[in-house]
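Engineer: One structure follows; several queries about it will come next.
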Amino acid sequence: MPAHPRYVGYIAQSLDGYIATPDGEVGWLDPFNAALAECSCEDAGGYNAFIEEVDAVLMGRATYRQVLGWGWPYGDRAGYVLTHRHDYKGDHITAAGPIDGLRAAIEANGHQKVWIMGGGETQRAALDVGMFDEISVFVMPTILGDGLPCFAKGAQQNLTLKKSSQKPGGILQLDYDIAGPPVEAT
């Protein structure tokens with residue numbers, strides 16, 4: 001029987017918790033990505049080491065369409081798209097549908113490390129069903145003032161800080177383990 005896959009998050013957000021502008025654009029990240037790219041220091045952002053271990057990506061439909069617009073940067077990694085449409089098809093999609101069906105497909109396909117990419121609705125859906133094992137959040141030193149949140153509204157979820165580190169450009173990386181199921185409201 002295959003081992004349970006490790007579900008991981010790796011996402012950038014503004015200091016005020018947004019991952020994109022209200023219209024879904026992420027161009028505000030460009031100067032920070034440039035700062036990481038210009039750094040000759042070891043593990044400036046850690047993306048290359050992170051993505052090497054990932055064998056599948058899980059994202060929402062809007063994120064999928066955005067990524068396709070950039071040109072699929074994930075090689076032959078399997079793509080899973082969270083959507084209410086069971087018949088959703090497209091390039092690089094291994095399976096599409098609600099979160100429980102995607103989890104079953106991911107586990108049936110024997111993936112070892114799955115990147116839960118986002119957006120905020122996808123991250124919340126995965127969090128609510130206990131799919132996250134760990135998450136790395138990159139806090140960018142900017143306040144957007146409005147936009148798409150890193151996580152959609154939902155139950156409180158406690159985390160355990162594993163590590164924090166400063167990156168070039170004033171970026172703060174926070175690595176967390178997910179500390180059990182969401183906290184029940186009282």
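We name chains A, B, ... following the order of the structure tokens; residues begin at 1 in each chain, and ligands are numbered from 1 as shown.
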Please tabulate, as CSV, the residues of stretch 7-120 of chain A that come within 7 Å of stretch 127-151 of chain A, each with its closest pair of atoms and the distance in Å to one decimal, counting only C-alpha atoms and ordering rows by chain, then residue number upward.

Structural biologist:
residue,atom,partner,partner_atom,distance
A:Tyr7,CA,A:Phe132,CA,5.0
A:Val8,CA,A:Glu134,CA,5.0
A:Gly9,CA,A:Ile135,CA,4.1
A:Tyr10,CA,A:Ser136,CA,4.7
A:Ile11,CA,A:Val137,CA,5.1
A:Ala12,CA,A:Phe138,CA,4.4
A:Gln13,CA,A:Val139,CA,5.2
A:Ser14,CA,A:Met140,CA,4.9
A:Leu15,CA,A:Ile143,CA,5.5
A:Asp16,CA,A:Ile143,CA,5.5
A:Gly17,CA,A:Pro149,CA,5.8
A:Tyr18,CA,A:Pro149,CA,4.3
A:Ile19,CA,A:Cys150,CA,5.4
A:Ala20,CA,A:Leu148,CA,5.2
A:Thr21,CA,A:Gly147,CA,4.1
A:Pro22,CA,A:Gly147,CA,3.9
A:Gly24,CA,A:Leu148,CA,6.9
A:Gly119,CA,A:Cys150,CA,6.8
A:Gly120,CA,A:Phe151,CA,4.1

Engineer: The selected residues should be written to file as a PDB file, in the first residue's frame (atoms: N, CA, C and O atoms).

Structural biologist:
ATOM      1  N   TYR A   7       1.323  16.701   2.025  1.00  0.00           N
ATOM      2  CA  TYR A   7       0.671  17.869   1.430  1.00  0.00           C
ATOM      3  C   TYR A   7       1.321  19.128   1.992  1.00  0.00           C
ATOM      4  O   TYR A   7       1.337  19.320   3.208  1.00  0.00           O
ATOM      5  N   VAL A   8       1.849  19.958   1.102  1.00  0.00           N
ATOM      6  CA  VAL A   8       2.624  21.119   1.534  1.00  0.00           C
ATOM      7  C   VAL A   8       2.120  22.394   0.869  1.00  0.00           C
ATOM      8  O   VAL A   8       1.617  22.380  -0.245  1.00  0.00           O
ATOM      9  N   GLY A   9       2.298  23.484   1.584  1.00  0.00           N
ATOM     10  CA  GLY A   9       2.009  24.802   1.040  1.00  0.00           C
ATOM     11  C   GLY A   9       3.296  25.576   0.900  1.00  0.00           C
ATOM     12  O   GLY A   9       4.250  25.364   1.650  1.00  0.00           O
ATOM     13  N   TYR A  10       3.343  26.451  -0.068  1.00  0.00           N
ATOM     14  CA  TYR A  10       4.517  27.283  -0.344  1.00  0.00           C
ATOM     15  C   TYR A  10       3.966  28.508  -1.055  1.00  0.00           C
ATOM     16  O   TYR A  10       3.637  28.442  -2.235  1.00  0.00           O
ATOM     17  N   ILE A  11       3.770  29.596  -0.312  1.00  0.00           N
ATOM     18  CA  ILE A  11       3.035  30.722  -0.882  1.00  0.00           C
ATOM     19  C   ILE A  11       3.557  32.058  -0.361  1.00  0.00           C
ATOM     20  O   ILE A  11       4.035  32.143   0.764  1.00  0.00           O
ATOM     21  N   ALA A  12       3.465  33.066  -1.220  1.00  0.00           N
ATOM     22  CA  ALA A  12       3.853  34.431  -0.863  1.00  0.00           C
ATOM     23  C   ALA A  12       2.592  35.242  -0.568  1.00  0.00           C
ATOM     24  O   ALA A  12       1.559  35.052  -1.210  1.00  0.00           O
ATOM     25  N   GLN A  13       2.709  36.135   0.398  1.00  0.00           N
ATOM     26  CA  GLN A  13       1.604  37.031   0.724  1.00  0.00           C
ATOM     27  C   GLN A  13       2.163  38.382   1.137  1.00  0.00           C
ATOM     28  O   GLN A  13       3.318  38.492   1.552  1.00  0.00           O
ATOM     29  N   SER A  14       1.326  39.399   1.039  1.00  0.00           N
ATOM     30  CA  SER A  14       1.685  40.719   1.541  1.00  0.00           C
ATOM     31  C   SER A  14       1.613  40.695   3.068  1.00  0.00           C
ATOM     32  O   SER A  14       1.046  39.765   3.661  1.00  0.00           O
ATOM     33  N   LEU A  15       2.156  41.719   3.694  1.00  0.00           N
ATOM     34  CA  LEU A  15       2.105  41.789   5.152  1.00  0.00           C
ATOM     35  C   LEU A  15       0.670  41.775   5.658  1.00  0.00           C
ATOM     36  O   LEU A  15       0.390  41.243   6.733  1.00  0.00           O
ATOM     37  N   ASP A  16      -0.261  42.311   4.866  1.00  0.00           N
ATOM     38  CA  ASP A  16      -1.664  42.316   5.285  1.00  0.00           C
ATOM     39  C   ASP A  16      -2.439  41.090   4.799  1.00  0.00           C
ATOM     40  O   ASP A  16      -3.661  41.058   4.858  1.00  0.00           O
ATOM     41  N   GLY A  17      -1.736  40.043   4.367  1.00  0.00           N
ATOM     42  CA  GLY A  17      -2.359  38.736   4.144  1.00  0.00           C
ATOM     43  C   GLY A  17      -2.941  38.457   2.773  1.00  0.00           C
ATOM     44  O   GLY A  17      -3.675  37.485   2.610  1.00  0.00           O
ATOM     45  N   TYR A  18      -2.595  39.262   1.765  1.00  0.00           N
ATOM     46  CA  TYR A  18      -3.137  39.034   0.428  1.00  0.00           C
ATOM     47  C   TYR A  18      -2.118  38.355  -0.487  1.00  0.00           C
ATOM     48  O   TYR A  18      -0.923  38.664  -0.438  1.00  0.00           O
ATOM     49  N   ILE A  19      -2.622  37.448  -1.336  1.00  0.00           N
ATOM     50  CA  ILE A  19      -1.762  36.737  -2.278  1.00  0.00           C
ATOM     51  C   ILE A  19      -1.855  37.318  -3.686  1.00  0.00           C
ATOM     52  O   ILE A  19      -1.025  37.008  -4.538  1.00  0.00           O
ATOM     53  N   ALA A  20      -2.850  38.148  -3.916  1.00  0.00           N
ATOM     54  CA  ALA A  20      -3.054  38.773  -5.221  1.00  0.00           C
ATOM     55  C   ALA A  20      -3.883  40.029  -5.039  1.00  0.00           C
ATOM     56  O   ALA A  20      -4.532  40.215  -4.001  1.00  0.00           O
ATOM     57  N   THR A  21      -3.872  40.882  -6.052  1.00  0.00           N
ATOM     58  CA  THR A  21      -4.719  42.067  -6.048  1.00  0.00           C
ATOM     59  C   THR A  21      -6.172  41.624  -6.205  1.00  0.00           C
ATOM     60  O   THR A  21      -6.430  40.453  -6.504  1.00  0.00           O
ATOM     61  N   PRO A  22      -7.140  42.532  -6.031  1.00  0.00           N
ATOM     62  CA  PRO A  22      -8.545  42.124  -6.155  1.00  0.00           C
ATOM     63  C   PRO A  22      -8.889  41.450  -7.486  1.00  0.00           C
ATOM     64  O   PRO A  22      -9.771  40.595  -7.539  1.00  0.00           O
ATOM     65  N   GLY A  24      -6.882  39.472  -9.101  1.00  0.00           N
ATOM     66  CA  GLY A  24      -6.117  38.227  -9.224  1.00  0.00           C
ATOM     67  C   GLY A  24      -4.699  38.375  -9.740  1.00  0.00           C
ATOM     68  O   GLY A  24      -3.992  37.384  -9.922  1.00  0.00           O
ATOM     69  N   GLY A 119      -5.570  29.215  -5.058  1.00  0.00           N
ATOM     70  CA  GLY A 119      -5.630  30.359  -4.184  1.00  0.00           C
ATOM     71  C   GLY A 119      -6.216  30.069  -2.818  1.00  0.00           C
ATOM     72  O   GLY A 119      -6.227  28.935  -2.325  1.00  0.00           O
ATOM     73  N   GLY A 120      -6.714  31.156  -2.227  1.00  0.00           N
ATOM     74  CA  GLY A 120      -7.203  31.115  -0.860  1.00  0.00           C
ATOM     75  C   GLY A 120      -8.348  30.146  -0.620  1.00  0.00           C
ATOM     76  O   GLY A 120      -8.425  29.514   0.436  1.00  0.00           O
TER      77      GLY A 120
END

Engineer: Would you give me, as a list in words, the residues in stretch 47-80 of chain A that DSSP reads as helix (DSSP H, G or I)?

Structural biologist: Tyr47, Asn48, Ala49, Phe50, Ile51, Glu52, Glu53, Arg61, Ala62, Thr63, Tyr64, Arg65, Gln66, Val67, Leu68, Gly69 and Trp70 of chain A

Engineer: Among stretch 46-166 of chain A, which residues does DSSP mark as strand (DSSP E) when it is run on the backbone? Keep the chain and numbering as in the structure and answer as number ranges by chain.

Structural biologist: A: 56-60, 78-82, 93-97, 113-118, 134-140, 148-149, 159-166

Engineer: Calculated over only C-alpha atoms, which of the candidates A:Glu38, A:Gly170, A:Met59, A:Gly97 has the smallest distance to A:Arg124?

Structural biologist: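 The closest residue to A:Arg124 is A:Met59.
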
Engineer: Which residues, written as a list of chain:residue names, have at least one atom at most 10 Å from stretch 70-75 of chain A, with only C-alpha atoms counted and residues fewer than 3 positions away on the same chain left out?

Structural biologist: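 Selected residues are A:Ile51, A:Glu52, A:Val54, A:Asp55, A:Ala56, A:Val57, A:Tyr64, A:Arg65, A:Gln66, A:Val67, A:Ala78, A:Gly79, A:Asp91, A:His92.
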
Engineer: Within 12 Å of A:Glu184, counting only C-alpha atoms, which residues qualify if same-chain residues fewer than 5 places away don't, as number ranges by chain?

Structural biologist: A: 128, 154-158

Engineer: Taking into account only C-alpha atoms, which residue in the set A:Ile171, A:Ile178, A:Leu82, A:Val183 is nearest to A:Asn33?

Structural biologist: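 Nearest candidate to A:Asn33 out of A:Ile171, A:Ile178, A:Leu82, A:Val183: A:Ile171.
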